[in-house]
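Structure file my_file.cif (mmCIF, C-alpha atoms) follows.
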```cif
data_final
loop_
_atom_site.group_PDB
_atom_site.id
_atom_site.type_symbol
_atom_site.label_atom_id
_atom_site.label_comp_id
_atom_site.auth_asym_id
_atom_site.auth_seq_id
_atom_site.Cartn_x
_atom_site.Cartn_y
_atom_site.Cartn_z
ATOM 1 C CA MET A 1 105.899 92.696 119.283
ATOM 2 C CA GLY A 2 108.785 92.945 116.843
ATOM 3 C CA THR A 3 108.896 95.578 114.163
ATOM 4 C CA ILE A 4 109.429 95.233 110.430
ATOM 5 C CA GLN A 5 113.008 95.741 109.314
ATOM 6 C CA PRO A 6 113.583 97.016 105.759
ATOM 7 C CA ARG A 7 115.143 94.663 103.262
ATOM 8 C CA VAL A 8 118.741 95.767 102.988
ATOM 9 C CA GLU A 9 120.069 95.805 99.446
ATOM 10 C CA GLY A 10 123.740 94.988 99.235
ATOM 11 C CA GLN A 11 126.054 95.607 96.312
ATOM 12 C CA VAL A 12 125.800 99.366 96.433
ATOM 13 C CA ASN A 13 129.504 99.983 96.957
ATOM 14 C CA ASP A 14 130.581 99.717 93.354
ATOM 15 C CA GLU A 15 127.338 100.994 91.873
ATOM 16 C CA SER A 16 128.716 104.430 91.103
ATOM 17 C CA THR A 17 131.744 102.799 89.412
ATOM 18 C CA LEU A 18 129.347 100.888 87.144
ATOM 19 C CA VAL A 19 127.293 104.015 86.469
ATOM 20 C CA HIS A 20 130.423 106.009 85.566
ATOM 21 C CA ALA A 21 131.612 103.247 83.231
ATOM 22 C CA ALA A 22 128.178 103.002 81.592
ATOM 23 C CA LYS A 23 128.116 106.777 81.157
ATOM 24 C CA ALA A 24 131.466 106.485 79.376
ATOM 25 C CA GLY A 25 129.902 104.007 76.938
ATOM 26 C CA ASP A 26 130.811 100.680 78.581
ATOM 27 C CA ILE A 27 127.807 98.530 77.641
ATOM 28 C CA SER A 28 128.956 95.619 79.814
ATOM 29 C CA ALA A 29 128.807 97.914 82.868
ATOM 30 C CA PHE A 30 125.238 98.810 81.936
ATOM 31 C CA GLU A 31 124.465 95.102 81.457
ATOM 32 C CA GLU A 32 125.637 94.555 85.030
ATOM 33 C CA LEU A 33 123.164 97.202 86.216
ATOM 34 C CA VAL A 34 120.406 95.476 84.218
ATOM 35 C CA LYS A 35 121.290 92.128 85.836
ATOM 36 C CA ARG A 36 121.244 93.735 89.242
ATOM 37 C CA TYR A 37 117.828 95.351 88.990
ATOM 38 C CA ASP A 38 115.769 93.666 86.241
ATOM 39 C CA ARG A 39 113.913 91.425 88.703
ATOM 40 C CA ASN A 40 112.959 94.408 90.872
ATOM 41 C CA VAL A 41 111.776 96.463 87.900
ATOM 42 C CA PHE A 42 109.701 93.546 86.608
ATOM 43 C CA ARG A 43 108.046 93.039 90.017
ATOM 44 C CA ILE A 44 107.248 96.724 90.400
ATOM 45 C CA ALA A 45 105.905 96.934 86.837
ATOM 46 C CA GLN A 46 103.689 93.911 87.224
ATOM 47 C CA HIS A 47 102.339 95.129 90.563
ATOM 48 C CA ILE A 48 101.387 98.452 88.995
ATOM 49 C CA THR A 49 100.126 97.311 85.592
ATOM 50 C CA GLN A 50 98.729 93.935 86.737
ATOM 51 C CA ASN A 51 99.537 92.710 83.253
ATOM 52 C CA ARG A 52 102.424 90.453 82.255
ATOM 53 C CA GLU A 53 102.946 91.813 78.716
ATOM 54 C CA ASP A 54 102.894 95.391 79.951
ATOM 55 C CA ALA A 55 105.406 94.493 82.667
ATOM 56 C CA GLU A 56 107.772 92.992 80.046
ATOM 57 C CA ASP A 57 107.490 96.164 77.952
ATOM 58 C CA VAL A 58 108.078 98.347 81.003
ATOM 59 C CA VAL A 59 111.310 96.476 81.829
ATOM 60 C CA GLN A 60 112.635 97.030 78.305
ATOM 61 C CA ASP A 61 111.525 100.645 77.998
ATOM 62 C CA ALA A 62 112.667 101.655 81.476
ATOM 63 C CA PHE A 63 116.204 100.322 80.958
ATOM 64 C CA LEU A 64 116.389 101.811 77.465
ATOM 65 C CA LYS A 65 115.284 105.214 78.778
ATOM 66 C CA ALA A 66 117.759 104.970 81.625
ATOM 67 C CA TYR A 67 120.559 104.169 79.160
ATOM 68 C CA GLN A 68 119.618 107.014 76.849
ATOM 69 C CA ASN A 69 119.415 109.486 79.746
ATOM 70 C CA LEU A 70 122.444 108.374 81.755
ATOM 71 C CA ALA A 71 124.216 111.634 80.953
ATOM 72 C CA ASN A 72 121.392 113.507 82.716
ATOM 73 C CA PHE A 73 121.596 111.353 85.852
ATOM 74 C CA GLN A 74 123.168 113.708 88.392
ATOM 75 C CA GLU A 75 123.806 110.989 91.021
ATOM 76 C CA GLN A 76 122.058 112.971 93.735
ATOM 77 C CA SER A 77 120.045 109.827 94.431
ATOM 78 C CA LYS A 78 120.970 106.165 94.030
ATOM 79 C CA PHE A 79 120.857 104.793 90.491
ATOM 80 C CA TYR A 80 118.205 102.305 91.610
ATOM 81 C CA THR A 81 115.905 105.065 92.948
ATOM 82 C CA TRP A 82 116.302 106.960 89.672
ATOM 83 C CA LEU A 83 115.576 103.783 87.683
ATOM 84 C CA VAL A 84 112.478 103.065 89.797
ATOM 85 C CA ARG A 85 111.177 106.558 89.071
ATOM 86 C CA ILE A 86 111.498 105.887 85.317
ATOM 87 C CA ALA A 87 109.906 102.421 85.628
ATOM 88 C CA VAL A 88 106.948 103.683 87.701
ATOM 89 C CA ASN A 89 106.233 106.406 85.133
ATOM 90 C CA GLU A 90 106.384 103.884 82.285
ATOM 91 C CA ALA A 91 104.103 101.486 84.176
ATOM 92 C CA LEU A 92 101.535 104.193 84.985
ATOM 93 C CA MET A 93 101.539 105.299 81.354
ATOM 94 C CA ARG A 94 100.694 101.760 80.242
ATOM 95 C CA LEU A 95 98.018 101.428 82.902
ATOM 96 C CA ARG A 96 96.406 104.666 81.706
ATOM 97 C CA ARG A 97 96.440 103.388 78.127
ATOM 98 C CA ARG A 98 94.756 100.175 79.161
ATOM 99 C CA ARG A 99 92.192 101.857 81.400
ATOM 100 C CA PRO A 100 91.518 105.260 79.823
ATOM 101 C CA GLU A 101 88.151 105.424 81.550
ATOM 102 C CA ARG A 102 89.704 105.474 85.014
ATOM 103 C CA MET A 103 91.824 108.167 86.565
ATOM 104 C CA VAL A 104 95.283 106.774 87.211
ATOM 105 C CA SER A 105 97.561 109.111 89.100
ATOM 106 C CA LEU A 106 100.029 108.963 91.940
ATOM 107 C CA ASP A 107 98.478 112.149 93.267
ATOM 108 C CA GLU A 108 95.256 110.251 93.657
ATOM 109 C CA ASP A 109 94.529 110.525 97.371
ATOM 110 C CA ILE A 110 91.228 108.794 97.669
ATOM 111 C CA LYS A 111 89.380 109.649 100.827
ATOM 112 C CA THR A 112 88.619 106.221 102.114
ATOM 113 C CA GLU A 113 89.111 106.647 105.833
ATOM 114 C CA GLU A 114 86.248 104.255 106.463
ATOM 115 C CA ASP A 115 87.937 101.643 104.242
ATOM 116 C CA SER A 116 91.032 101.879 106.407
ATOM 117 C CA MET A 117 89.199 101.517 109.704
ATOM 118 C CA PRO A 118 89.631 97.925 110.803
ATOM 119 C CA ARG A 119 86.362 96.010 110.834
ATOM 120 C CA GLU A 120 87.751 92.503 110.931
ATOM 121 C CA VAL A 121 89.582 91.975 114.212
ATOM 122 C CA ALA A 122 89.719 88.212 114.400
ATOM 123 C CA ASP A 123 93.280 86.991 114.840
ATOM 124 C CA TRP A 124 94.959 85.009 112.057
ATOM 125 C CA ALA A 125 96.174 81.442 112.048
ATOM 126 C CA PRO A 126 99.805 81.218 113.307
ATOM 127 C CA ASN A 127 101.254 80.413 109.848
ATOM 128 C CA PRO A 128 98.557 81.731 107.521
ATOM 129 C CA GLU A 129 100.572 81.220 104.334
ATOM 130 C CA GLN A 130 100.572 77.484 105.042
ATOM 131 C CA LEU A 131 96.781 77.310 104.815
ATOM 132 C CA TYR A 132 97.047 77.380 101.032
ATOM 133 C CA GLY A 133 99.202 75.819 98.327
ATOM 134 C CA GLN A 134 101.898 78.020 96.792
ATOM 135 C CA GLY A 135 99.926 78.674 93.580
ATOM 136 C CA GLU A 136 96.685 79.381 95.413
ATOM 137 C CA LEU A 137 98.456 81.719 97.838
ATOM 138 C CA LYS A 138 99.963 83.741 94.975
ATOM 139 C CA GLU A 139 96.547 84.000 93.374
ATOM 140 C CA ILE A 140 95.034 85.312 96.622
ATOM 141 C CA LEU A 141 97.834 87.836 97.126
ATOM 142 C CA GLY A 142 97.712 88.991 93.497
ATOM 143 C CA LYS A 143 93.944 89.376 93.484
ATOM 144 C CA THR A 144 93.994 91.206 96.803
ATOM 145 C CA ILE A 145 96.625 93.795 95.877
ATOM 146 C CA GLN A 146 94.979 94.302 92.490
ATOM 147 C CA GLY A 147 91.941 95.685 94.329
ATOM 148 C CA LEU A 148 93.920 98.618 95.775
ATOM 149 C CA PRO A 149 94.034 101.975 93.957
ATOM 150 C CA PRO A 150 97.253 102.207 91.864
ATOM 151 C CA SER A 151 98.669 104.979 94.060
ATOM 152 C CA PHE A 152 98.319 102.802 97.176
ATOM 153 C CA ARG A 153 99.731 99.623 95.675
ATOM 154 C CA THR A 154 102.685 101.508 94.159
ATOM 155 C CA VAL A 155 103.698 102.916 97.544
ATOM 156 C CA PHE A 156 103.161 99.518 99.200
ATOM 157 C CA VAL A 157 105.280 97.630 96.683
ATOM 158 C CA LEU A 158 108.158 100.120 96.840
ATOM 159 C CA ARG A 159 108.210 100.350 100.630
ATOM 160 C CA ASP A 160 107.190 96.898 101.789
ATOM 161 C CA VAL A 161 108.079 94.531 98.949
ATOM 162 C CA GLU A 162 111.176 96.229 97.506
ATOM 163 C CA GLY A 163 112.362 97.692 100.805
ATOM 164 C CA LEU A 164 112.931 101.303 99.727
ATOM 165 C CA SER A 165 112.983 103.788 102.610
ATOM 166 C CA THR A 166 110.167 106.310 103.014
ATOM 167 C CA GLU A 167 112.525 109.030 101.728
ATOM 168 C CA GLU A 168 113.575 106.969 98.676
ATOM 169 C CA THR A 169 109.921 106.160 97.916
ATOM 170 C CA ALA A 170 108.993 109.841 98.157
ATOM 171 C CA ASP A 171 111.911 110.701 95.879
ATOM 172 C CA ALA A 172 111.058 108.007 93.310
ATOM 173 C CA LEU A 173 107.369 108.939 93.216
ATOM 174 C CA ASP A 174 107.779 112.694 93.579
ATOM 175 C CA LEU A 175 105.516 112.672 96.632
ATOM 176 C CA SER A 176 105.951 114.291 100.027
ATOM 177 C CA ILE A 177 106.949 112.116 102.979
ATOM 178 C CA PRO A 178 103.553 112.605 104.736
ATOM 179 C CA ALA A 179 101.812 111.573 101.484
ATOM 180 C CA VAL A 180 103.902 108.379 101.296
ATOM 181 C CA LYS A 181 103.185 107.573 104.957
ATOM 182 C CA SER A 182 99.468 108.184 104.588
ATOM 183 C CA ARG A 183 99.155 105.987 101.474
ATOM 184 C CA LEU A 184 101.318 103.290 103.037
ATOM 185 C CA LEU A 185 99.185 103.117 106.179
ATOM 186 C CA ARG A 186 95.981 102.863 104.190
ATOM 187 C CA ALA A 187 97.450 100.318 101.772
ATOM 188 C CA ARG A 188 98.651 98.133 104.644
ATOM 189 C CA LEU A 189 95.328 98.336 106.500
ATOM 190 C CA GLN A 190 93.229 97.650 103.419
ATOM 191 C CA LEU A 191 95.359 94.647 102.442
ATOM 192 C CA ARG A 192 95.160 93.350 106.015
ATOM 193 C CA GLU A 193 91.387 93.729 106.026
ATOM 194 C CA ARG A 194 90.991 91.899 102.721
ATOM 195 C CA LEU A 195 93.404 89.104 103.610
ATOM 196 C CA SER A 196 91.653 88.503 106.932
ATOM 197 C CA LYS A 197 88.858 86.590 105.267
ATOM 198 C CA TYR A 198 91.397 84.060 103.956
ATOM 199 C CA PHE A 199 93.722 83.886 106.928
ATOM 200 C CA LYS A 200 91.642 84.315 110.048
ATOM 201 C CA ASN A 201 91.981 81.698 112.696
ATOM 202 C CA ARG A 202 88.926 79.554 112.139
ATOM 203 C CA ALA A 203 89.779 77.276 115.041
ATOM 204 C CA GLY A 204 90.143 80.206 117.423
ATOM 205 C CA GLY A 205 86.530 81.400 117.425
ATOM 206 C CA ASP A 206 85.802 85.102 117.167
ATOM 207 C CA GLY A 207 89.243 86.296 118.211
ATOM 208 C CA LYS A 208 88.128 87.662 121.575
ATOM 209 C CA LYS A 209 90.146 86.912 124.656
ATOM 210 C CA MET B 1 95.797 106.804 123.960
ATOM 211 C CA THR B 2 92.709 105.970 121.889
ATOM 212 C CA CYS B 3 92.488 103.250 119.221
ATOM 213 C CA SER B 4 92.368 105.797 116.380
ATOM 214 C CA GLU B 5 95.450 107.557 117.784
ATOM 215 C CA PHE B 6 97.154 104.172 117.887
ATOM 216 C CA LEU B 7 96.177 103.472 114.286
ATOM 217 C CA LYS B 8 97.668 106.761 113.078
ATOM 218 C CA GLU B 9 101.029 105.750 114.541
ATOM 219 C CA LEU B 10 100.908 102.136 113.335
ATOM 220 C CA THR B 11 103.122 102.597 110.272
ATOM 221 C CA ASP B 12 105.874 104.347 112.245
ATOM 222 C CA TYR B 13 105.592 101.703 114.961
ATOM 223 C CA LEU B 14 105.949 98.800 112.520
ATOM 224 C CA ASP B 15 108.832 100.549 110.787
ATOM 225 C CA ASN B 16 110.447 101.305 114.151
ATOM 226 C CA THR B 17 110.813 104.983 113.282
ATOM 227 C CA MET B 18 109.443 106.684 116.373
ATOM 228 C CA ASP B 19 110.738 108.225 119.557
ATOM 229 C CA PRO B 20 111.025 105.923 122.604
ATOM 230 C CA GLN B 21 108.302 107.734 124.548
ATOM 231 C CA THR B 22 105.631 107.354 121.830
ATOM 232 C CA LYS B 23 106.716 103.757 121.348
ATOM 233 C CA ALA B 24 106.224 103.090 125.071
ATOM 234 C CA GLU B 25 102.736 104.667 124.935
ATOM 235 C CA LEU B 26 101.802 102.465 121.975
ATOM 236 C CA GLU B 27 103.086 99.352 123.689
ATOM 237 C CA ASP B 28 101.134 100.262 126.804
ATOM 238 C CA HIS B 29 97.983 100.547 124.650
ATOM 239 C CA LEU B 30 98.752 97.133 123.105
ATOM 240 C CA GLN B 31 98.897 95.596 126.575
ATOM 241 C CA TRP B 32 95.217 96.133 127.200
ATOM 242 C CA CYS B 33 93.572 96.670 123.777
ATOM 243 C CA HIS B 34 93.078 93.288 122.149
ATOM 244 C CA ASN B 35 91.633 94.704 118.917
ATOM 245 C CA CYS B 36 94.642 96.961 118.326
ATOM 246 C CA TYR B 37 96.957 94.077 119.210
ATOM 247 C CA VAL B 38 95.295 91.924 116.540
ATOM 248 C CA VAL B 39 95.307 94.720 113.941
ATOM 249 C CA CYS B 40 98.985 95.432 114.641
ATOM 250 C CA ASN B 41 99.969 91.767 114.520
ATOM 251 C CA THR B 42 98.010 90.935 111.366
ATOM 252 C CA THR B 43 99.238 94.082 109.582
ATOM 253 C CA LYS B 44 102.791 92.970 110.335
ATOM 254 C CA MET B 45 101.934 89.504 108.958
ATOM 255 C CA THR B 46 100.424 91.118 105.844
ATOM 256 C CA ILE B 47 103.698 92.902 105.112
ATOM 257 C CA GLU B 48 105.759 89.771 105.750
ATOM 258 C CA ILE B 49 103.541 87.578 103.565
ATOM 259 C CA TYR B 50 103.863 89.963 100.611
ATOM 260 C CA ARG B 51 107.576 90.415 101.168
ATOM 261 C CA ASP B 52 108.207 86.658 101.238
ATOM 262 C CA SER B 53 105.659 85.703 98.578
ATOM 263 C CA HIS B 54 107.920 85.762 95.483
ATOM 264 C CA LEU B 55 104.937 87.195 93.666
ATOM 265 C CA TYR B 56 105.783 88.157 90.089
ATOM 266 C CA GLU B 57 109.243 86.623 89.974
ATOM 267 C CA LEU B 58 110.944 86.995 86.614
ATOM 268 C CA PRO B 59 111.435 83.512 85.075
ATOM 269 C CA ASP B 60 115.014 82.804 83.875
ATOM 270 C CA ASP B 61 114.094 82.255 80.194
ATOM 271 C CA LEU B 62 112.098 85.485 80.008
ATOM 272 C CA ARG B 63 114.860 87.270 81.901
ATOM 273 C CA GLY B 64 117.405 86.201 79.281
ATOM 274 C CA ARG B 65 115.168 87.315 76.403
ATOM 275 C CA LEU B 66 114.466 90.675 78.011
ATOM 276 C CA ARG B 67 118.121 91.320 78.713
ATOM 277 C CA SER B 68 119.116 90.541 75.096
ATOM 278 C CA ALA B 69 116.370 92.835 73.811
ATOM 279 C CA ILE B 70 117.417 95.648 76.160
ATOM 280 C CA LEU B 71 121.077 95.448 75.145
ATOM 281 C CA ARG B 72 120.195 95.264 71.450
ATOM 282 C CA LYS B 73 118.041 98.397 71.765
ATOM 283 C CA CYS B 74 120.688 100.228 73.798
ATOM 284 C CA GLN B 75 123.408 99.445 71.264
ATOM 285 C CA GLY B 76 121.066 100.473 68.439
ATOM 286 C CA SER B 77 120.351 103.793 70.128
ATOM 287 C CA SER B 78 123.942 104.856 70.780
#
```
Reformat the file's structure so that it appears as C-alpha cells.
Amino acid sequence: MGTIQPRVEGQVNDESTLVHAAKAGDISAFEELVKRYDRNVFRIAQHITQNREDAEDVVQDAFLKAYQNLANFQEQSKFYTWLVRIAVNEALMRLRRRRPERMVSLDEDIKTEEDSMPREVADWAPNPEQLYGQGELKEILGKTIQGLPPSFRTVFVLRDVEGLSTEETADALDLSIPAVKSRLLRARLQLRERLSKYFKNRAGGDGKK
Amino acid sequence: MTCSEFLKELTDYLDNTMDPQTKAELEDHLQWCHNCYVVCNTTKMTIEIYRDSHLYELPDDLRGRLRSAILRKCQGSS
C-alpha cells in the first residue's frame, strides 16, 4: 500500500529575496507574497472559522499584521510558516468571538480515544468521490470536517491539505511534535469514520473477505 | 503486533516516516488483518479526498478585492 507524500511547495528559492525587499519598504515585493499565499490563508481560515466572512477578514488582517511586523520576522522559519501562525491566531480569535460559549483552544486535547477507535470497517467504493456530484461532495466534506474540534481540524488542514511538515505544523501552532501527531491521527481517524457512511462500498456487502 | 499497536503507528506509516523494521512489521500485520487493511486504506483515501477536493477555493473576483484591500491597508499603515 502506497504512502501519502506531502504536497511540495515550489517557489521558495527567491522567497527570502522578496521578504528582504518587503522589509525595505518595497510594496510590490509584499504584493508578490500576498499573491503567493492568499489562497492558502483563505483555505486555512475558512477551515478553522467555518464562516466565509470571517475567512475574508482573516486574510486581510493576517497579511496586514504580517506587513506591520515584518521587521520582527527573524527568518528562523519560512515566511509562509510565520504567516500561517498569524493567520491561525486570527482565525481562532474570530471563532472564539462567534462561539463565546465554547472553549476554543489549540491546547484542547479532548480525550476521545473511543471516538478514534474504528467502528466502521467496511471498505469504500474504488472511486468514492465519483459517487457524488462536485457540489454535493464539497458539502459532505465541509460538513464532516466542521464536526471535528477546532484543534483537530486545524492540524489536519495544515498537515494534510496544505502539506506542511509535522515540524512546520508544530512551529506554526506552537505545539509539540507528539501533540501534532496525536491530533493528526485522531483527526484522520474521525474523518474516515464519518466519511465511511457516505463512501462505503454498498455493492461489496459487509466488507469481510 | 496487535490492531491497537498498528493504529498508533498509522500516521507515521501513511507519512512514510518510520524505520524499515517497524514498517515491515506493520506490512506483515496488514497481510493478515483485513480490518486494519481497510482502516489504513480508507484513511489514506480520506486524506487524498480532502487534499484534492478544492474545498474553500478563493474565487478570482474576491481574490482581487481582498488583495486591493490588503495593499490599501498596508500602504495606509506605513
Tell me which protein, DNA and RNA residues are within 8 Å of region 49-66 of chain B, counting all atoms listed in the file, leaving out same-chain ones fewer than 3 positions away, and put them as a PyMOL selection string.
(chain A and resi 38-39+42-43+46-47+56+59-60+129+138+141-142+160-162) or (chain B and resi 45-46+69-70)
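The space between CA of Tyr37 (chain A) and CA of Lys65 (chain A) spans 14.4 Å.
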Run the PyMOL selection byres ((chain A and resi 51) around 12) mentally over the shown coordinates, then write out the matched residues as a VMD selection string, using the chain letters and numbers from the document.
(chain A and resid 42 to 50 52 to 58 91 to 92 94 to 95 98 to 99 142 146) or (chain B and resid 56)
For the PyMOL selection byres ((chain A and resi 180) around 9), applied here, can you spell out every residue it catches as a PDB file with C-alpha atoms, in the coordinates of the input?
```
ATOM      1  CA  PHE A 152      98.319 102.802  97.176  1.00  0.00           C
ATOM      2  CA  VAL A 155     103.698 102.916  97.544  1.00  0.00           C
ATOM      3  CA  THR A 166     110.167 106.310 103.014  1.00  0.00           C
ATOM      4  CA  GLU A 167     112.525 109.030 101.728  1.00  0.00           C
ATOM      5  CA  THR A 169     109.921 106.160  97.916  1.00  0.00           C
ATOM      6  CA  ALA A 170     108.993 109.841  98.157  1.00  0.00           C
ATOM      7  CA  LEU A 173     107.369 108.939  93.216  1.00  0.00           C
ATOM      8  CA  LEU A 175     105.516 112.672  96.632  1.00  0.00           C
ATOM      9  CA  SER A 176     105.951 114.291 100.027  1.00  0.00           C
ATOM     10  CA  ILE A 177     106.949 112.116 102.979  1.00  0.00           C
ATOM     11  CA  PRO A 178     103.553 112.605 104.736  1.00  0.00           C
ATOM     12  CA  ALA A 179     101.812 111.573 101.484  1.00  0.00           C
ATOM     13  CA  LYS A 181     103.185 107.573 104.957  1.00  0.00           C
ATOM     14  CA  SER A 182      99.468 108.184 104.588  1.00  0.00           C
ATOM     15  CA  ARG A 183      99.155 105.987 101.474  1.00  0.00           C
ATOM     16  CA  LEU A 184     101.318 103.290 103.037  1.00  0.00           C
ATOM     17  CA  LEU A 185      99.185 103.117 106.179  1.00  0.00           C
TER      18      LEU A 185
END
```
Kindly give the distance, in Å, that separates CA of Ile47 (chain B) and CA of Glu15 (chain A), rounded to a single decimal.
28.3 Å
Long-range neighbours of Ala71 (chain A) as a PyMOL selection string, 10 Å cut-off, only C-alpha atoms, 4 positions minimum in chain
chain A and resi 19-20+22-24+66-67
Between CA of Glu27 (chain B) and CA of Met1 (chain B), distance in Å (one decimal)
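Going from CA of Glu27 (chain B) over to CA of Met1 (chain B), I get 10.4 Å.
Proximity of B:Thr42, B:Thr2, B:Gln31, B:Gln21 to chain A, computed with only C-alpha atoms, is greatest for B:Thr42.
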Apply the PyMOL selection byres ((chain B and resi 30) around 12) to the file shown and report the selected residues as a ChimeraX atom specification.
/A:1 /B:1-3,6-7,10,13,23-29,31-41
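Minimum distance to chain A across B:Thr43, B:Glu9, B:Ser68, B:Thr22 (counting all atoms listed in the file) occurs at B:Thr43.
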Using all atoms of region 41-52 of chain B that appear in the file, construct an axis-aligned enclosing box with 4 Å of padding on every side and provide its centre coordinates and edge lengths in Å, rounded to one decimal, as lines of an AutoDock Vina configuration file.
```
center_x = 103.1
center_y = 90.4
center_z = 107.6
size_x = 18.2
size_y = 15.4
size_z = 21.9
```
Counting all atoms listed in the file, the option among B:Asp19, B:Leu14, B:Glu48, B:Ser4 closest to chain A
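Of B:Asp19, B:Leu14, B:Glu48, B:Ser4, the one nearest chain A is B:Leu14, counting all atoms listed in the file.
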Check the smallest atom-to-atom distance from each of A:Asp171, A:Glu193, A:Glu75, A:Asp14 to chain B using all atoms listed in the file, then report the winner.
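Among the listed residues, A:Glu193 lies closest to chain B.
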